[in-house]
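Everything on this sheet refers to the single structure shown next.
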Amino acid sequence: MTSSIPPLPPVTIDAERHLLCLGDREVQLQPRVLGLLQCLASRPGQVIGKEQLLDEVWGHRFITEGVIKTAISELRAALGDDVKQPRWIETLARRGYRYIGTALLAAAAPAGVSPPQRSSTLIGREDALAALQARWAAACQGQPGVLLVAGDAGMGKTALLSEFMHGLDQRSGDEAVVAVGQSVEALGEGEPYLPFLEALSPLLAQQPGLLAELRRVAPTWLSQMPWHVALEDREALAREVAGASQERMLREFAVLLDQATQTQPWLVVVEDLHWSDSASVQLLGHLARRRSSGRWLVVGSFRPVDVAASEHPLGDMRRELRLHGQVREIALDGLNQAQLAALTTARCPGAQPSAAFLAQLHRHTDGLPLFAERVLSELLEQGLLRPLDEGGWRFPEAGHPLPLPPTLIDLMERQIDRLPAAARQMLEVAALSPHEFDDVVLAEVLGIAPADVRQRLDGLVRRRLWLLAREPRLVSGERVAASYGFQHALMRHAFEQRTPAAGRMALHRRLGQAIEAVYGDCCGERSVELAEHARLGREPLKAARHYNLAGQQALQRIAPFSALDLVRVGLGQLDQLEAGRETDEARVDLLLTRVRALVATRGYSIPCVEDAYALVSRWPLSARTLPVWYAAIRARHNVGRWAERDELLARLEGLRDQPDAGWLVAAICANARGFVNTHRNQPLEALPHLERALQLFEAHMHQPGENPQLLLDFEINTLCHHYIACVELGDATRAAATAERLEARLRQGVMPLNESMALFYLSNGAQLQGDEKRLAGLTRRAQALLATRESLPLAAPNGVMHGWSLCQSGARQAGIAKLQEALRSYETQNLMPGRMYYLQLLARQAMAAGDLTLADRCLDSCEALHAQGETSLRGEVLLTRAARLALTPPGRAAALECLHEAQAYAEARGLGRLLEATRRERRLLGDGT
C-alpha cells in the first residue's frame, strides 16, 4: 500500500546568511541553532549525547543543558517536525538526539542558477531595515549607541537582523566586525554576561590583535574565557582580576569598544534579551548612557510579552532609557493584507490570492509573519493550496477553516503555564470571543464580580502581558464595559486550544447568553459575535437569525458585499436543519437580505429574487413576504419579461383588495402600476397611481413600527417616476417641484443606491428638457458618487447621461466612447428598460460626428427592441429617425412621415414635451401644416 505521507524536501544550509532552505522555503535561524542541525545531520542515524553537543556546538563554556532543549524546539518549529511522530529529529530519553531526516546539501548554487531570494518573512520590514541602516551609518561616523528591536515570537526579528548584517561592509565603507550573541532560557538567573561573552569568544580567534587588546584594556572579560589564554599566563591573569567589581567589567567593555573601533566599526548583536541575565542588562544600560565617539552599535532583540510576564529587569531598564532618550527602539508589527499577499506570492510564485482569502488569513494570524508562513505551509502539505496544471494556484474554498500549526501553539504554552490559574481560566474563556471581549460579559460567564475581572485584566494590560485595552462599550444607560483584545491572534488561538471541543461548545452558548443578558435590547449591535457563538455552540437556527441581523446592519453601513458573505454563512447554517415553518421563515429573511444586497450592487435581476419568490409565493401575503413580491415584479420588468411582470402585478393587486391587506400593499401596488405606466409612455395614467403611493407614504411610513424593508427608498423611487412623468407631460412647474423634493431628500443623506437612482432620473429629465448646464452638474455629482463605490446598479444609466453631457460640452469623441461603454455594460447585464432611448442618444451624437454607419446601426437596434415590446420614450426614437432621414434630400418625405407618427404618438398619450419638439422639427423641415 502506498503511503500518503509526502516525502521530506531537500535541506540546504546557508551558513553565511543563517538560512535553512527546505525545498523552495527559507527559514532564518540563529547561528547556534543552525550549528546544532549541522552537528546532528553530519552523523545521520547516530545518537549524539547532550554533553557532546554542548562541546561541539557551544564549547561548553558558560551554558547549561537547557539551551539544547530550546534550540531543538526551534529546529522542530522550523522543520515542521512533530515531537510525537518525528520525521527529522528523534529524542531518545536520557541519551540524546538523533537526526533521521534527509541529507544536507551544500549551499552553493551551480553555475547559471540564481541564489535563493531573501526570506519571505522580511516582507513588510522595509522601514525597519532602513532605520537599522540609518543608525549604523551614524555609528560609523562616531555616533555609537544602543538600539532595541521589539517583537513577539514569530514577528521576524531574527530575519530582519540577518538581512541587516548581510552586506554590512558595503554600507559602512570599512570592513565591519560583527559579533553575535544570544541569550538562552534558563532556570533562575543565567550566567553573567552570557550573550556578550558568546559574541566576543569567536572574535578572539578571527581578529588578529584582539586578544592582546582584550588583555590590555579588558582583562576581566578575558578571564571569563580562559581557554583563549595560554596555560602559563592564566594564573597571572587570575591574580590581576581578583576582587574585580561589576562596575569594572562594565567600564572595561565600554573602553574595549572605543579602542577596538578606531580602525574598524563594530556591530554587536544580542538576541533574545528577554532571557538575558541581569548583568547583561546592566551592561546594556551602561553602554546606552555613556558618551563616546567610538564607532560601534549594539543591537538587542527581545519579546515584550516575555519581559512583562517574567518581570524581567530589561523592562525597567528599557523604560528608564526611553524616558531619557538614550535608546532607539524599533517595534515590529504584524503584516497588513497587501504584505500578506506578497508573502503568499513569495511562497507560491505566480499565485494571485483573492481579497477574501487574504482577509481570512489576516484575521487568523493578525499578520504574524511566522504564523502566516506556517499556515501556508500547512495548506500546501494538506493539498488545499496547490499549483494547477493549467497555471495559477488553487486556494482553499471561501470560509474553509485555516490550520493552527501545532509547533506555534507549543511556543505559547510555556508562557501560558507561568500564569496564575485564575488568570489562565479567565483568558481561556475570553479567547472564545472572535475579536474583542469585555469584563461585564466575562464576569457573567465566570460568576465573578465585574470589578474583580476588570482589576485582573487591567493588571495584564499594564504589564503588557497578553492583552491590549480596546475602546470601552456602552452597556445601557451610563453603564460602561471595559473592552480588551489579545495582542495577536496566535495568543488567542493558544488559549482557545486549551479548552476541549465539548467544553468550547458549551462556553460559546454561555457567552452568547451572557451577551444577551448583559446588553438586552442593545445586543443587536453585536450580531456578528452572537452569530459566531451560536454557530460554534451548534445552534444553527439561532445562528442564522443573528447572521441575518448582521447582514441587515452591514447594508445600513453601506457594505453590501459583507452582507452577502454573512447571508451565505447563515444559509449554510439552515442547510443543517430539516424543513419547517421556523426554518423557512429564517430562510426567507436571509434571502430577502441577500436580495437587498444584490440589488444594491447589481440591480434587480431574476437570479437575485427567484429562489426567495419561489418560497414565499405559496405563503399568505405579509410584511415579511411583500418586499419579495415587489422585487419579483421589478426583476421581470428589468429584463423585459413584460407579460410575466403584468401577471404578477395583477396577482398582487388582487391581494390588495382583501380586507386585511393593509396600506403597504396598496402603496406598493400604486408604485408598481405607476412605474409600469411611466415606462409605457403613459404619464397621464401613471401620475394618479404615483400620487396615491406618495399620499400613503406620507400618511403611514413614518409611523412608529412601520419599517417594511423595501429594497429601494419608497419615497425616492416614487418621486423619480413622478418627475419623469411631469417632464413628459410638459408640466415644467410640477416637474420642478418634484425635482426640488428629490434634492431635499438627497440633502438629508440617503444610501448610495438611492442617491445614484435619484441623480440618474434628475439627469434624464434635464436631458429631455435640454437643460445642458444642469445636466452637467448632475452628471458630475453622479460620477463622483460612482468613483467611491465598487459597484452600483445604476452605473450604466448614469454613464449614458455623462457621455451625452460630454458630447454637448464639446468633448464629442470622449462622450461617444462613454456612451458606447455604458451601453455595453447595460447589455451585458441583460437590462431592457431605457435601452432603446440610450441607443437613440448615441445615434444623435454619431450623426453629429458624421458617423452615419454607427447612427444607422443604433436606430436599427431600436426598431428590433421595439418589436420585442420595449416602449420607453418611443417618441424620442421617432424624432432621431426623422433627423437621420432628413440628412439626405430624398429622405425629407420619409422624415416628415416619422414626425407625423411621433406627433400622433404624443397627442394620444398627452406628451406635451414631445408634441412641442415634433412641431419644432416639422417647422425646420418646412412643413407648416
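Each chain of the C-alpha cells is named A, B, ... in the order shown, its residues numbered from 1; ligands are numbered from 1 in display order.
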Go through stretch 191-432 of chain A and collect every residue that DSSP, computed from the backbone, puts in strand (DSSP E); the answer should be as a ChimeraX atom specification. /A:266-271,296-302,328-331,386-387,393-394
Using only C-alpha atoms, which protein or nucleic acid residues come within 6 Å of stretch 428-443 of chain A? Drop anything in the same chain fewer than 3 positions from it, and give the result as a ChimeraX atom specification. /A:425,446-450,453-454,481-485,492,495-496,514-515
Write out the residues from the selection above, keeping C-alpha atoms, as an mmCIF file, in the first residue's frame.
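Written out: selection.cif:
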```cif
data_model
loop_
_atom_site.group_PDB
_atom_site.id
_atom_site.type_symbol
_atom_site.label_atom_id
_atom_site.label_comp_id
_atom_site.auth_asym_id
_atom_site.auth_seq_id
_atom_site.Cartn_x
_atom_site.Cartn_y
_atom_site.Cartn_z
ATOM 1 C CA GLN A 425 -9.077 30.300 33.244
ATOM 2 C CA LEU A 446 -17.499 33.066 35.215
ATOM 3 C CA GLY A 447 -19.793 34.141 38.025
ATOM 4 C CA ILE A 448 -17.252 36.684 39.294
ATOM 5 C CA ALA A 449 -17.810 40.326 40.213
ATOM 6 C CA PRO A 450 -17.109 42.599 37.188
ATOM 7 C CA VAL A 453 -12.464 40.742 36.460
ATOM 8 C CA ARG A 454 -11.546 44.263 35.372
ATOM 9 C CA ALA A 481 -17.910 47.919 29.945
ATOM 10 C CA ALA A 482 -14.123 47.810 29.630
ATOM 11 C CA SER A 483 -13.123 46.101 26.388
ATOM 12 C CA TYR A 484 -9.968 44.077 25.680
ATOM 13 C CA GLY A 485 -8.301 42.117 22.911
ATOM 14 C CA ARG A 492 -5.872 33.861 21.330
ATOM 15 C CA PHE A 495 -5.631 29.848 24.883
ATOM 16 C CA GLU A 496 -8.585 28.646 22.803
ATOM 17 C CA ALA A 514 -24.293 36.371 28.656
ATOM 18 C CA ILE A 515 -24.160 38.989 25.875
#
```
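Minimum atom-to-atom distances from A:Leu648, A:Ala735, A:Leu592, A:Leu806 to A:Thr625 were compared using only C-alpha atoms, and the lowest value belongs to A:Leu592.
The two atoms in question, atom CA of A:Arg919 and atom CA of A:Gln868, are spaced 28.5 Å apart.
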Taking 6 positions as the minimum chain separation for residues in the same chain, which residues sit within 12 Å of A:Pro797 when counting only C-alpha atoms? Answer as a ChimeraX atom specification. /A:603,756-764,779,782-783,786,803-804,818-827,829,831-835,837-839,841
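What separates atom CA of A:Val298 from atom CA of A:Val269 is a distance of 5.9 Å.
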Residues at most 12 Å from A:Ala501, counting only C-alpha atoms, excluding those fewer than 6 positions away in the same chain, as a compact mmCIF listing (two decimals) with N, CA, C and O atoms, in the first residue's frame?
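Now in out05.txt:
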```txt
# COMPACT_ATOMS: atom_id res chain seq x y z
N LEU A 432 -12.43 32.62 23.45
CA LEU A 432 -13.51 32.11 22.61
C LEU A 432 -14.31 33.23 21.95
O LEU A 432 -15.16 32.97 21.10
N LEU A 507 -19.26 26.64 26.29
CA LEU A 507 -18.86 28.01 26.63
C LEU A 507 -19.35 29.02 25.59
O LEU A 507 -19.72 30.14 25.93
N HIS A 508 -19.35 28.63 24.31
CA HIS A 508 -19.88 29.53 23.28
C HIS A 508 -21.35 29.84 23.54
O HIS A 508 -21.80 30.98 23.40
N LEU A 536 -20.72 28.19 16.65
CA LEU A 536 -19.76 27.33 17.32
C LEU A 536 -20.38 26.57 18.49
O LEU A 536 -19.85 25.56 18.93
N GLY A 537 -21.52 27.07 18.99
CA GLY A 537 -22.25 26.37 20.03
C GLY A 537 -23.26 25.38 19.47
O GLY A 537 -24.08 24.84 20.21
N ARG A 538 -23.22 25.16 18.14
CA ARG A 538 -24.10 24.20 17.45
C ARG A 538 -25.57 24.55 17.65
O ARG A 538 -26.40 23.68 17.95
```
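For the pair atom CA of A:Val445 and atom CA of A:Pro401, the interatomic distance is 26.5 Å.
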Residue contacts of A:Gly926 (12 Å, only C-alpha atoms) excluding same-chain residues fewer than 4 positions away, as an mmCIF file with N, CA and C atoms, in the first residue's frame:
```cif
data_model
loop_
_atom_site.group_PDB
_atom_site.id
_atom_site.type_symbol
_atom_site.label_atom_id
_atom_site.label_comp_id
_atom_site.auth_asym_id
_atom_site.auth_seq_id
_atom_site.Cartn_x
_atom_site.Cartn_y
_atom_site.Cartn_z
ATOM 1 N N ALA A 886 -33.656 63.061 -42.699
ATOM 2 C CA ALA A 886 -33.607 64.411 -43.258
ATOM 3 C C ALA A 886 -32.218 64.804 -43.741
ATOM 4 N N ARG A 892 -36.572 63.553 -47.157
ATOM 5 C CA ARG A 892 -37.407 64.545 -46.487
ATOM 6 C C ARG A 892 -38.822 64.012 -46.265
ATOM 7 N N ALA A 893 -39.375 63.386 -47.263
ATOM 8 C CA ALA A 893 -40.745 62.890 -47.139
ATOM 9 C C ALA A 893 -40.835 61.824 -46.052
ATOM 10 N N ALA A 895 -38.841 61.566 -43.538
ATOM 11 C CA ALA A 895 -38.628 62.231 -42.262
ATOM 12 C C ALA A 895 -39.927 62.849 -41.760
ATOM 13 N N LEU A 896 -40.637 63.510 -42.645
ATOM 14 C CA LEU A 896 -41.914 64.110 -42.244
ATOM 15 C C LEU A 896 -42.921 63.042 -41.818
ATOM 16 N N ARG A 919 -43.426 69.447 -33.370
ATOM 17 C CA ARG A 919 -43.833 70.618 -34.150
ATOM 18 C C ARG A 919 -42.622 71.451 -34.554
ATOM 19 N N ARG A 920 -41.662 71.582 -33.640
ATOM 20 C CA ARG A 920 -40.453 72.362 -33.956
ATOM 21 C C ARG A 920 -39.679 71.723 -35.105
ATOM 22 N N GLU A 921 -39.509 70.392 -35.068
ATOM 23 C CA GLU A 921 -38.783 69.695 -36.129
ATOM 24 C C GLU A 921 -39.518 69.789 -37.462
ATOM 25 N N ARG A 922 -40.871 69.772 -37.430
ATOM 26 C CA ARG A 922 -41.629 69.884 -38.676
ATOM 27 C C ARG A 922 -41.442 71.257 -39.297
#
```
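In terms of minimum interatomic distance to A:Arg248, A:His286 ranks closest within A:His286, A:Arg568, A:Arg587, A:His228, counting only C-alpha atoms.
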